[in-house]
Each structure stands twice: as structure tokens, then as C-alpha cells.
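J.: I'm passing along input.cif; it holds mmCIF, C-alpha atoms.
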```cif
data_data
loop_
_atom_site.label_atom_id
_atom_site.label_comp_id
_atom_site.auth_asym_id
_atom_site.auth_seq_id
_atom_site.Cartn_x
_atom_site.Cartn_y
_atom_site.Cartn_z
CA MET A 1 -0.04 140.51 90.78
CA PRO A 2 1.75 143.11 88.64
CA PRO A 3 2.72 146.43 90.20
CA GLU A 4 0.30 149.33 89.82
CA SER A 5 0.78 153.06 90.23
CA ALA A 6 -0.50 154.03 93.67
CA ASP A 7 -0.09 157.72 92.90
CA SER A 8 2.33 159.93 91.01
CA ASP A 9 4.98 159.63 93.74
CA ALA A 10 5.10 155.88 94.37
CA LEU A 11 4.59 152.50 92.79
CA LEU A 12 2.37 150.12 94.74
CA TYR A 13 3.86 146.63 94.64
CA GLN A 14 1.81 143.60 95.76
CA ARG A 15 2.79 139.99 95.43
CA ALA A 16 1.75 136.99 97.51
CA ARG A 17 1.49 138.32 101.08
CA PHE A 18 3.92 141.19 100.50
CA THR A 19 2.94 144.80 99.81
CA THR A 20 5.12 147.90 99.65
CA ARG A 21 5.23 151.36 98.11
CA LEU A 22 8.30 152.18 96.04
CA PRO A 23 8.95 155.93 95.88
CA ALA A 24 9.29 156.98 92.24
CA ALA A 25 12.23 159.34 92.89
CA TYR A 26 14.32 156.61 94.55
CA ARG A 27 16.81 154.19 93.02
CA PHE A 28 16.95 150.56 94.19
CA THR A 29 19.53 147.78 94.18
CA ALA A 30 19.28 144.03 93.74
CA SER A 31 20.65 143.76 97.30
CA HIS A 32 17.44 145.48 98.51
CA PHE A 33 18.73 148.96 99.32
CA TRP A 34 17.08 152.20 98.29
CA LEU A 35 18.82 155.48 97.47
CA ALA A 36 16.97 158.79 97.80
CA PRO A 37 18.42 161.90 96.15
CA GLU A 38 18.98 164.94 98.35
CA GLU A 39 20.41 168.38 97.63
CA GLY A 40 24.10 168.87 96.97
CA GLY A 41 24.80 165.43 95.52
CA LEU A 42 23.83 163.61 98.71
CA TRP A 43 22.11 160.22 98.62
CA ARG A 44 20.24 158.94 101.66
CA ILE A 45 20.42 155.13 101.73
CA GLY A 46 18.38 152.52 103.56
CA LEU A 47 17.00 149.01 103.45
CA THR A 48 13.83 148.27 101.53
CA LYS A 49 10.76 146.89 103.29
CA PHE A 50 11.56 143.51 101.71
CA ALA A 51 15.03 143.51 103.30
CA THR A 52 13.68 144.45 106.71
CA ARG A 53 11.18 141.58 106.55
CA MET A 54 13.99 139.14 105.77
CA LEU A 55 16.10 140.41 108.71
CA GLY A 56 13.28 140.54 111.23
CA GLU A 57 13.15 142.87 114.22
CA MET A 58 16.26 145.06 114.23
CA VAL A 59 18.72 144.53 117.07
CA ASP A 60 21.97 146.42 116.39
CA HIS A 61 24.16 147.99 113.71
CA HIS A 62 27.64 149.43 113.16
CA PHE A 63 29.37 151.46 110.44
CA GLU A 64 33.12 151.48 109.79
CA PRO A 65 33.85 154.58 107.64
CA ALA A 66 34.29 157.98 109.24
CA PRO A 67 32.44 160.89 107.65
CA GLY A 68 34.42 162.12 104.66
CA ALA A 69 36.04 158.73 103.97
CA PRO A 70 35.95 157.56 100.36
CA VAL A 71 33.51 154.71 99.63
CA ALA A 72 32.76 152.60 96.57
CA PRO A 73 30.01 150.19 95.50
CA GLY A 74 30.58 146.74 96.97
CA GLN A 75 32.81 148.00 99.79
CA GLN A 76 31.94 146.52 103.18
CA ILE A 77 31.03 149.47 105.40
CA GLY A 78 29.48 147.81 108.44
CA TRP A 79 26.91 145.30 109.62
CA ILE A 80 23.31 145.12 110.76
CA GLU A 81 21.71 142.55 113.01
CA GLY A 82 18.09 141.56 112.92
CA PHE A 83 16.32 138.97 115.04
CA LYS A 84 16.42 136.54 112.09
CA ALA A 85 19.87 137.31 110.66
CA LEU A 86 23.13 139.22 110.90
CA THR A 87 24.39 140.66 107.62
CA GLU A 88 27.26 142.75 106.41
CA LEU A 89 26.43 146.13 104.87
CA TYR A 90 27.97 146.94 101.52
CA CYS A 91 28.03 150.41 100.04
CA VAL A 92 25.70 151.02 97.09
CA ALA A 93 27.18 154.36 95.97
CA SER A 94 30.53 155.89 95.14
CA GLY A 95 31.85 159.08 96.67
CA THR A 96 32.40 160.05 100.29
CA PHE A 97 30.67 158.67 103.36
CA ALA A 98 28.51 161.47 104.75
CA GLY A 99 27.56 159.78 108.01
CA GLU A 100 25.14 157.35 109.55
CA ASN A 101 21.62 158.07 110.76
CA PRO A 102 22.01 159.31 114.36
CA LEU A 103 18.37 158.45 115.16
CA LEU A 104 19.14 154.72 114.94
CA ASN A 105 21.32 154.81 118.04
CA ALA A 106 18.26 155.73 120.11
CA ASP A 107 15.65 153.71 118.19
CA ILE A 108 16.86 151.05 115.76
CA SER A 109 13.28 149.92 115.17
CA LEU A 110 12.89 152.94 112.84
CA ILE A 111 14.54 150.80 110.15
CA SER A 112 11.51 148.49 110.11
CA ARG A 113 8.81 150.95 111.14
CA ASP A 114 9.72 153.67 108.64
CA PRO A 115 12.16 152.11 106.13
CA HIS A 116 11.77 154.81 103.45
CA GLY A 117 11.68 157.71 105.90
CA SER A 118 13.36 158.19 109.27
CA GLY A 119 14.74 154.62 109.20
CA TRP A 120 17.48 155.40 106.67
CA LEU A 121 20.96 153.96 107.35
CA TYR A 122 23.62 156.29 105.95
CA ARG A 123 24.39 159.03 103.42
CA VAL A 124 26.92 159.25 100.61
CA ARG A 125 27.93 162.34 98.69
CA GLY A 126 28.47 161.11 95.16
CA GLU A 127 26.63 158.81 92.76
CA PRO A 128 24.55 155.62 93.10
CA ASP A 129 26.00 152.35 91.88
CA ALA A 130 25.49 152.13 88.11
CA SER A 131 23.43 148.97 88.58
CA ALA A 132 20.78 150.77 90.69
CA VAL A 133 17.34 150.72 89.03
CA ASP A 134 14.10 152.70 89.17
CA ALA A 135 10.93 151.51 90.95
CA GLN A 136 9.74 149.46 87.93
CA GLY A 137 13.14 147.76 87.72
CA TYR A 138 13.04 146.97 91.42
CA ALA A 139 9.53 145.52 91.07
CA ALA A 140 11.02 143.06 88.54
CA ILE A 141 13.80 142.22 91.03
CA LEU A 142 11.19 141.58 93.72
CA ASP A 143 9.22 139.31 91.37
CA ALA A 144 12.32 137.22 90.65
CA THR A 145 13.29 137.10 94.34
CA ILE A 146 9.83 136.04 95.48
CA ASP A 147 9.72 133.40 92.72
CA ARG A 148 13.05 131.96 93.96
CA LEU A 149 11.82 131.93 97.57
CA SER A 150 8.55 130.25 96.57
CA GLN A 151 10.41 127.56 94.60
CA ALA A 152 12.71 126.92 97.55
CA GLU A 153 9.70 126.53 99.88
CA CYS A 154 8.13 124.02 97.47
CA ARG A 155 11.30 121.89 97.56
CA THR A 156 11.36 121.63 101.35
#
```
Could you render the structure as C-alpha cells?

T.:
Amino acid sequence: MPPESADSDALLYQRARFTTRLPAAYRFTASHFWLAPEEGGLWRIGLTKFATRMLGEMVDHHFEPAPGAPVAPGQQIGWIEGFKALTELYCVASGTFAGENPLLNADISLISRDPHGSGWLYRVRGEPDASAVDAQGYAAILDATIDRLSQAECRT
């Protein structure tokens, strides 16, 4: 099913058994991260609902850079472990690392329960990766990803 506007602030995406809202002001990456603009050139960054479903229940996480350290797109900055998978975290912005979400140390389940809100991962002061797209662009990425997953399931 093609994406539809849920309201002026988000795009409602529905496909197969997956539904999510994509905030219109956010940028998204093909690696299933979102970037939300904040004041002063800050970008709050987290995993999309699709990514959290692929990882499963969150277990643990770790970030390498100290606040103020320079970061660049594609740079490994840590890891996150879900019940289904452990994955490295790569930066999706250039600038300086502005810190991780302190709430996750007390309740890592926020990543899955509130992925676009209090479940953010880290902040960067700078600019998003040039390949980051808007909500419509990310909907196209989701379509292609779900198509690939469906084809793989058919082959097994």
C-alpha cells in the first residue's frame, strides 16, 4: 500500500504487516536511522521503527566517542544489541559528537517503545549525511527493503 499523509506533521507508512509514522521534519538514512533537527545545529539521531523490529527487544548499547569528538558519516561510533541481533552503530552525520541519550542507561527499552521520541540514541552538532532523505524518500527505501525481505522469504 502506498504511503499516505497521516497529518501535516507525519507520513503514515503501511506495507504488509508493518505500519509506522515518519515525522515530516526528520531526515532518514538507508541504514534505518532518523535525524531530527534541534536548535543550534544539533541533530538528535535514533533508530527507525523498522530497525528496532529487525533487532528485537533491546538488550545493551555502547558509544565510543566522547562529547566534543569529531565524527563523520560512516564512522563506527559504537554498538547496539537486540534480542535478535548485535550490530555496530555508524554515524549518520558530520560534526562533533554531542553525547548519548542518558535515559537509555536506565531504560534501554525506550528505543523500541518510543523510537522517534525519548528512545533517541545520540546527538551530533553539525550536518546530516548528504545521502539522508525526507519521509517520502524513506518510504521508497522501506518499499525496496520489504520487497527484498519478501523475495528472500519466498526462496526459503

J.: Output as CSV one row per residue of segment 76-142 of chain A within 9 Å of segment 54-65 of chain A: the closest atom pair and its distance in Å to one decimal place, counting all atoms listed in the file, sorted by chain and residue number ascending.

T.:
```
residue,atom,partner,partner_atom,distance
A:Gln76,CA,A:Glu64,CA,8.3
A:Ile77,CA,A:Glu64,CA,5.3
A:Gly78,CA,A:Phe63,CA,4.2
A:Trp79,CA,A:His62,CA,5.5
A:Ile80,CA,A:His61,CA,4.2
A:Glu81,CA,A:Asp60,CA,5.1
A:Gly82,CA,A:Met58,CA,4.2
A:Phe83,CA,A:Glu57,CA,5.1
A:Lys84,CA,A:Leu55,CA,5.1
A:Ala85,CA,A:Leu55,CA,5.3
A:Leu86,CA,A:Leu55,CA,7.5
A:Thr87,CA,A:Leu55,CA,8.4
A:Leu89,CA,A:Phe63,CA,8.3
A:Phe97,CA,A:Pro65,CA,6.7
A:Gly99,CA,A:Pro65,CA,8.2
A:Glu100,CA,A:Phe63,CA,7.3
A:Leu104,CA,A:His61,CA,8.5
A:Asn105,CA,A:His61,CA,8.6
A:Ile108,CA,A:Met58,CA,6.2
A:Ser109,CA,A:Met58,CA,5.8
A:Leu110,CA,A:Met58,CA,8.7
A:Ile111,CA,A:Met58,CA,7.2
A:Ser112,CA,A:Glu57,CA,7.2
A:Tyr122,CA,A:Phe63,CA,8.7
```

J.: Name all residues at most 9 Å from Gly74 of chain A (count only C-alpha atoms; drop same-chain ones fewer than 5 positions away) and give them as an MDAnalysis selection string.

T.: chainID A and resid 89:93 129

J.: Would you mind listing what lies within 10 Å of segment 7-19 of chain A as a PDB file with C-alpha atoms, in the frame of the given file, with all atoms listed in the file counted and same-chain residues fewer than 6 positions away left out?

T.:
```pdb
ATOM      1  CA  MET A   1      -0.040 140.510  90.780  1.00  0.00           C
ATOM      2  CA  ALA A  25      12.230 159.340  92.890  1.00  0.00           C
ATOM      3  CA  TYR A  26      14.320 156.610  94.550  1.00  0.00           C
ATOM      4  CA  LYS A  49      10.760 146.890 103.290  1.00  0.00           C
ATOM      5  CA  PHE A  50      11.560 143.510 101.710  1.00  0.00           C
ATOM      6  CA  ARG A  53      11.180 141.580 106.550  1.00  0.00           C
ATOM      7  CA  ALA A 135      10.930 151.510  90.950  1.00  0.00           C
ATOM      8  CA  GLN A 136       9.740 149.460  87.930  1.00  0.00           C
ATOM      9  CA  TYR A 138      13.040 146.970  91.420  1.00  0.00           C
ATOM     10  CA  ALA A 139       9.530 145.520  91.070  1.00  0.00           C
ATOM     11  CA  LEU A 142      11.190 141.580  93.720  1.00  0.00           C
ATOM     12  CA  ASP A 143       9.220 139.310  91.370  1.00  0.00           C
ATOM     13  CA  ILE A 146       9.830 136.040  95.480  1.00  0.00           C
ATOM     14  CA  ASP A 147       9.720 133.400  92.720  1.00  0.00           C
ATOM     15  CA  SER A 150       8.550 130.250  96.570  1.00  0.00           C
TER      16      SER A 150
END
```

J.: Choose the residue, out of A:Ala30, A:Ile45, A:Leu22, A:Ala51, that has the smallest atom-to-atom separation from Ala98 of chain A; count all atoms listed in the file.

T.: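 Under the stated criterion, the closest residue is A:Ile45.
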
J.: Hey, can you check how far atom CA of Gly137 of chain A sits from atom CA of Gly119 of chain A?

T.: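 These atoms are spaced 22.6 Å apart.
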
J.: If I take atom CA of Phe33 of chain A and atom CA of Leu47 of chain A, how far is one from the other in Å, to one decimal?

T.: 4.5 Å

J.: Would you translate the PyMOL selection byres ((chain A and resi 128) around 8) into the concrete set of residues it matches in this file, as number ranges by chain?

T.: A: 27, 35, 43, 92-94, 126-127, 129-130, 132

J.: Using only C-alpha atoms, which of the listed residues (A:Leu42, A:Ser131, A:Val124, A:Thr145) sits closest to Gly68 of chain A?

T.: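 Closest candidate: A:Val124.
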
J.: Between A:Val71, A:Leu121, A:Ala144, A:Ala66, which residue has the minimum interatomic distance to Thr48 of chain A, considering all atoms listed in the file?

T.: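 Residue with the minimum atom-to-atom distance to Thr48 of chain A: A:Leu121.
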
J.: Missing atoms in segment 90-113 of chain A should be modelled up to N, CA and C atoms and reported as a CSV table (one decimal), in the coordinates of the input.

T.:
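Writing done, so here's selection_35.csv:
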```
chain,number,residue,atom,x,y,z
A,90,TYR,N,27.1,146.5,102.6
A,90,TYR,CA,28.0,146.9,101.5
A,90,TYR,C,27.5,148.3,100.9
A,91,CYS,N,28.4,149.1,100.6
A,91,CYS,CA,28.0,150.4,100.0
A,91,CYS,C,27.4,150.2,98.7
A,92,VAL,N,26.4,151.1,98.4
A,92,VAL,CA,25.7,151.0,97.1
A,92,VAL,C,25.8,152.3,96.3
A,93,ALA,N,26.9,153.1,96.7
A,93,ALA,CA,27.2,154.4,96.0
A,93,ALA,C,28.7,154.6,96.0
A,94,SER,N,29.1,155.5,95.1
A,94,SER,CA,30.5,155.9,95.1
A,94,SER,C,30.6,157.4,95.5
A,95,GLY,N,31.7,157.7,96.2
A,95,GLY,CA,31.8,159.1,96.7
A,95,GLY,C,32.5,159.1,98.1
A,96,THR,N,31.9,160.0,98.9
A,96,THR,CA,32.4,160.0,100.3
A,96,THR,C,31.3,159.7,101.3
A,97,PHE,N,31.6,159.0,102.3
A,97,PHE,CA,30.7,158.7,103.4
A,97,PHE,C,30.3,159.9,104.1
A,98,ALA,N,29.0,160.2,104.1
A,98,ALA,CA,28.5,161.5,104.8
A,98,ALA,C,27.9,161.2,106.1
A,99,GLY,N,28.0,160.0,106.7
A,99,GLY,CA,27.6,159.8,108.0
A,99,GLY,C,26.4,158.8,108.1
A,100,GLU,N,26.2,158.3,109.3
A,100,GLU,CA,25.1,157.4,109.6
A,100,GLU,C,24.0,158.1,110.1
A,101,ASN,N,22.8,157.5,110.2
A,101,ASN,CA,21.6,158.1,110.8
A,101,ASN,C,21.7,158.1,112.3
A,102,PRO,N,21.9,159.3,112.9
A,102,PRO,CA,22.0,159.3,114.4
A,102,PRO,C,20.8,158.8,115.1
A,103,LEU,N,19.6,158.9,114.5
A,103,LEU,CA,18.4,158.4,115.2
A,103,LEU,C,18.4,157.0,115.5
A,104,LEU,N,19.1,156.2,114.7
A,104,LEU,CA,19.1,154.7,114.9
A,104,LEU,C,19.8,154.3,116.2
A,105,ASN,N,20.7,155.1,116.8
A,105,ASN,CA,21.3,154.8,118.0
A,105,ASN,C,20.3,154.8,119.2
A,106,ALA,N,19.3,155.7,119.1
A,106,ALA,CA,18.3,155.7,120.1
A,106,ALA,C,17.1,154.8,119.8
A,107,ASP,N,16.8,154.5,118.5
A,107,ASP,CA,15.6,153.7,118.2
A,107,ASP,C,15.9,153.0,116.9
A,108,ILE,N,16.5,151.8,117.0
A,108,ILE,CA,16.9,151.0,115.8
A,108,ILE,C,15.6,150.5,115.1
A,109,SER,N,14.5,150.4,115.8
A,109,SER,CA,13.3,149.9,115.2
A,109,SER,C,12.8,150.8,114.0
A,110,LEU,N,13.3,152.1,113.9
A,110,LEU,CA,12.9,152.9,112.8
A,110,LEU,C,13.2,152.3,111.5
A,111,ILE,N,14.2,151.5,111.4
A,111,ILE,CA,14.5,150.8,110.2
A,111,ILE,C,13.4,150.0,109.6
A,112,SER,N,12.7,149.3,110.5
A,112,SER,CA,11.5,148.5,110.1
A,112,SER,C,10.2,149.3,110.1
A,113,ARG,N,10.1,150.2,111.0
A,113,ARG,CA,8.8,151.0,111.1
A,113,ARG,C,8.7,152.0,110.1
```
